[in-house]
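Working notes for the structure below.
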Amino acid sequence: MQKVLIATSEAHPLAKTGGLGEVCGALPLALQQCGQDVRVILPGYRTVLEQCRNLRVLAQLTVPVSLEPVRILETTLGETTVPVLIVDAPGMFDRAGGLYADLDGRDYADNANRYTVYCRAVVELAMDRGGLYWQPEVVHCHDWQTGLVPALLAREPVRPGTVFTIHNIAYAGSFDRERFDTLQLPADLYAPGSMEFYGRFAFIKGGLVYADLVTTVSPSYAREIQTPEMGCGLDGLLRHRSRDLVGIINGVNYAVWDPANDPIIAARYDAGTLENKRPNRRAIQRDTGLREDEDALLIGVVSRLAHQKGMDLLPAALAPLWAQGVQLALLGSGDAQVQSEIERMCREHPGRCAAQFGYDDALAHRILAGADVFLMPSRYEPCGLGQLYAQRYGTVPVVRRTGGLADTVVPVNASTLADGTATGVIYEDDSAEALSAAILAAMYLRRAAAQWRQLQITGMRRDFSWGESARAYVEVYRRARVHRR
Ligand code: ADP
Ligand code: GLC
């Protein structure tokens, strides 16, 4: 048994904006089930405080930058027994807007200060200076918001091991010199060999430079980020640390994502009762205003509308396909320009193209259950969760060959069709033509009913549950403790 503190800016069900929240909501329980003594530490956002009232105050800390004492509160992660420590600094986190941005979607101007306060509090508890009488042997940090933790812990003569996980290298948490000067951090952190990054200060470098081990969320992405094309300027540093860089695929929380016992969808089904997927198809067509066409290839999309996700390619990719009978049910949020192009496409193809904008967990489940294929035309994808869910829902993934998509979908070709291992369509080029061709390939495949059914069933039987990944993290923690830098 190892004592592990998981530092993250999101953990479902308390706080979540995307995949990071889902992963950090499920991994702690999986680690606990592997016999680890796990605690999670989260910022005290308003949504967190509202979900858990009357919390016990465990400690009170004084940290630089915070104008008020920081209280440490305690709750548990959803229905589990995993303890969650909450860094309650109301001036920083108890706000009306989102986790990172205000109600108008503008990043908070003081994000660097907010996560400096958070990281300082994590370090105090990691060093057992808060009076909790529990010191982790390993601190597992996630994404740039936690990058200062390994950097500050590295200055302690005796300290826990540190692991830093990259969920998306494109988000570096980079701020200008003036902002750095307000953070009351050791001046030597602003140096090229430390956290300085092209004339700015990047939180993510704290993790990449100082953590004992660095992980990312798939083996392919671990390789890709060491190349100049995909490393976002950090590839040199990552090549330098390549022996300490490990790719571990995310798991799926099948308690939430399984059509066999999903309370949200119109009809439940599994690999043996695949015909019960049909009512879900009709339900999504009816609910979103699509024509109840039995033959159409119904494409599902649930995604952030960010450059990463390639959704700007949809109008051009689908243009030649409407006449062939495709339908699209899309749920997304993000880029306003992409949204307005998709809205236009919906106006031009009523009954064939439906989109809803905003965040809607229930609709995400219903699209997964109702669609024939699940589309992820990502430019890069560290792991991706949608294609994992889609496989369990018998919804054939059509994905670009990149990152975790390449690692988790078995592409259709002559030999995988013959031996029954194929689970989806994979294409190469980041272009509307290639995407179009991949969708067309799926359309033809679906007409071969027996083969299609085989694809669906093979996907549904695959097991991406957390057990194996959690065991890989346990081994990473052991290595981090033994090989402290
Ligand atoms: P990322 O974290 O890069 O957005 P992932 O595939 O890892 O990508 O995780 C995204 C998760 O968020 C998936 O579970 C997906 O279903 C969900 N999601 C994305 N956009 C929405 C939305 N608009 N409404 C509901 N769920 C969404
Ligand atoms: C990031 C990535 C996504 C990954 C998720 C969880 O948001 O974009 O690919 O699945 O983190 O690790």
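Labeling convention for the structure tokens: chains A, B, ... as they appear, residues from 1 per chain, ligands from 1 in order of appearance.
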DSSP says strand (DSSP E) for which residues of range 209-455 of chain A? Put them as a VMD selection string?
chain A and resid 213 to 216 245 to 247 297 to 305 326 to 334 353 to 357 373 to 376 396 to 400 425 to 427
Using only C-alpha atoms, which protein or nucleic acid residues come within 7 Å of range 378-392 of chain A? Drop anything in the same chain fewer than 2 positions from it, and give the result as number ranges by chain.
A: 19, 167-168, 217-218, 221, 249-250, 257-258, 308-310, 368, 374, 376, 394-397, 400, 402-405, 430, 459-460
Restricting it to C-alpha atoms, dump the selection as a short mmCIF file (atom, residue, chain, number, x, y, z; two decimals), in the first residue's frame.
```cif
data_model
loop_
_atom_site.label_atom_id
_atom_site.label_comp_id
_atom_site.auth_asym_id
_atom_site.auth_seq_id
_atom_site.Cartn_x
_atom_site.Cartn_y
_atom_site.Cartn_z
CA GLY A 19 -11.92 14.35 -19.96
CA HIS A 167 -3.61 15.35 -20.49
CA ASN A 168 -3.02 17.95 -23.20
CA VAL A 217 -2.61 9.30 -21.48
CA SER A 218 -1.59 7.01 -24.36
CA TYR A 221 0.76 10.54 -27.66
CA ILE A 249 -4.37 4.70 -21.57
CA ASN A 250 -7.33 6.10 -19.65
CA TRP A 257 -21.01 4.39 -19.48
CA ASP A 258 -22.65 1.05 -20.23
CA GLN A 308 -7.98 20.13 -31.71
CA LYS A 309 -11.21 18.30 -32.50
CA GLY A 310 -11.35 19.09 -36.25
CA LEU A 368 -23.90 7.44 -28.02
CA PHE A 374 -19.26 8.13 -33.57
CA MET A 376 -13.72 12.00 -33.92
CA GLY A 394 -22.02 -0.60 -30.29
CA THR A 395 -21.54 2.71 -32.09
CA VAL A 396 -18.72 2.24 -34.57
CA PRO A 397 -15.95 4.84 -34.13
CA ARG A 400 -8.32 9.92 -37.34
CA THR A 402 -3.59 10.00 -33.91
CA GLY A 403 -2.72 9.61 -30.23
CA GLY A 404 -5.07 7.51 -28.14
CA LEU A 405 -7.46 7.05 -31.06
CA ASP A 430 -6.21 15.86 -41.57
CA GLY A 459 -16.24 -3.23 -29.89
CA MET A 460 -18.83 -3.93 -27.21
#
```
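The closest residue to Gly332 in chain A, picked from A:Asn253, A:Thr62, A:Thr81, A:Gln356 and counting only C-alpha atoms, is A:Gln356.
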Between CA of Leu5 in chain A and atom 8 (O, counted along the ligand's line) of ligand 2, what is the distance in Å, rounded to a tenth?
22.9 Å
Which neighbours of range 341-345 of chain A fall inside 8 Å, counting only C-alpha atoms, when residues of the same chain fewer than 6 positions from it are skipped, and could you give them as a count of residues only?
5
Residues at most 6 Å from ligand 1, using only C-alpha atoms and all ligand atoms? Could they come as an NGL selection string?
:A and (18-20 or 302-304 or 331-333 or 358-361 or 364 or 384-386)
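Residues surrounding Ser174 in chain A within 12 Å are A:Asn111, A:Ala112, A:Trp144, A:Gln145, A:Gly147, A:Phe180, A:Tyr190, A:Met195, A:Glu196, A:Phe197, A:Tyr198, A:Gly199, A:Arg200, A:Phe201, A:Ala202, A:Phe203, A:Ile204, A:Lys205, A:Gly206 [only C-alpha atoms; sequence separation below 6 positions excluded].
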Restrict the calculation to only C-alpha atoms, then for each residue of range 4-123 of chain A with any atom at most 12 Å from an atom of range 476-484 of chain A give the closest atom pair and their distance in Å to one decimal, rows by chain and rising residue number, as a Markdown table.
```
| residue | atom | partner | partner_atom | distance |
| --- | --- | --- | --- | --- |
| A:Val4 | CA | A:Tyr477 | CA | 8.3 |
| A:Leu5 | CA | A:Tyr477 | CA | 10.8 |
| A:Ile6 | CA | A:Tyr477 | CA | 11.4 |
| A:Leu31 | CA | A:Tyr477 | CA | 11.0 |
| A:Gln36 | CA | A:Tyr477 | CA | 10.4 |
| A:Val38 | CA | A:Tyr477 | CA | 11.9 |
```
Keeping only N, CA, C and O atoms, take the residues you just selected and write them out as a compact mmCIF listing (two decimals), in the first residue's frame.
```txt
# COMPACT_ATOMS: atom_id res chain seq x y z
N VAL A 4 -1.03 8.04 -1.52
CA VAL A 4 -0.99 8.83 -2.75
C VAL A 4 -1.92 10.03 -2.64
O VAL A 4 -3.09 9.88 -2.28
N LEU A 5 -1.39 11.20 -2.94
CA LEU A 5 -2.22 12.41 -2.99
C LEU A 5 -2.39 12.79 -4.46
O LEU A 5 -1.41 12.99 -5.17
N ILE A 6 -3.64 12.87 -4.91
CA ILE A 6 -3.91 13.22 -6.31
C ILE A 6 -4.30 14.69 -6.39
O ILE A 6 -5.35 15.09 -5.87
N LEU A 31 -7.64 3.15 -7.93
CA LEU A 31 -6.40 2.99 -7.15
C LEU A 31 -6.71 2.44 -5.76
O LEU A 31 -5.99 1.59 -5.23
N GLN A 36 -4.45 1.03 -2.65
CA GLN A 36 -3.69 2.24 -2.33
C GLN A 36 -4.47 3.13 -1.36
O GLN A 36 -5.71 3.13 -1.36
N VAL A 38 -5.52 6.52 -0.96
CA VAL A 38 -5.59 7.65 -1.89
C VAL A 38 -6.39 8.82 -1.32
O VAL A 38 -7.45 8.61 -0.72
```
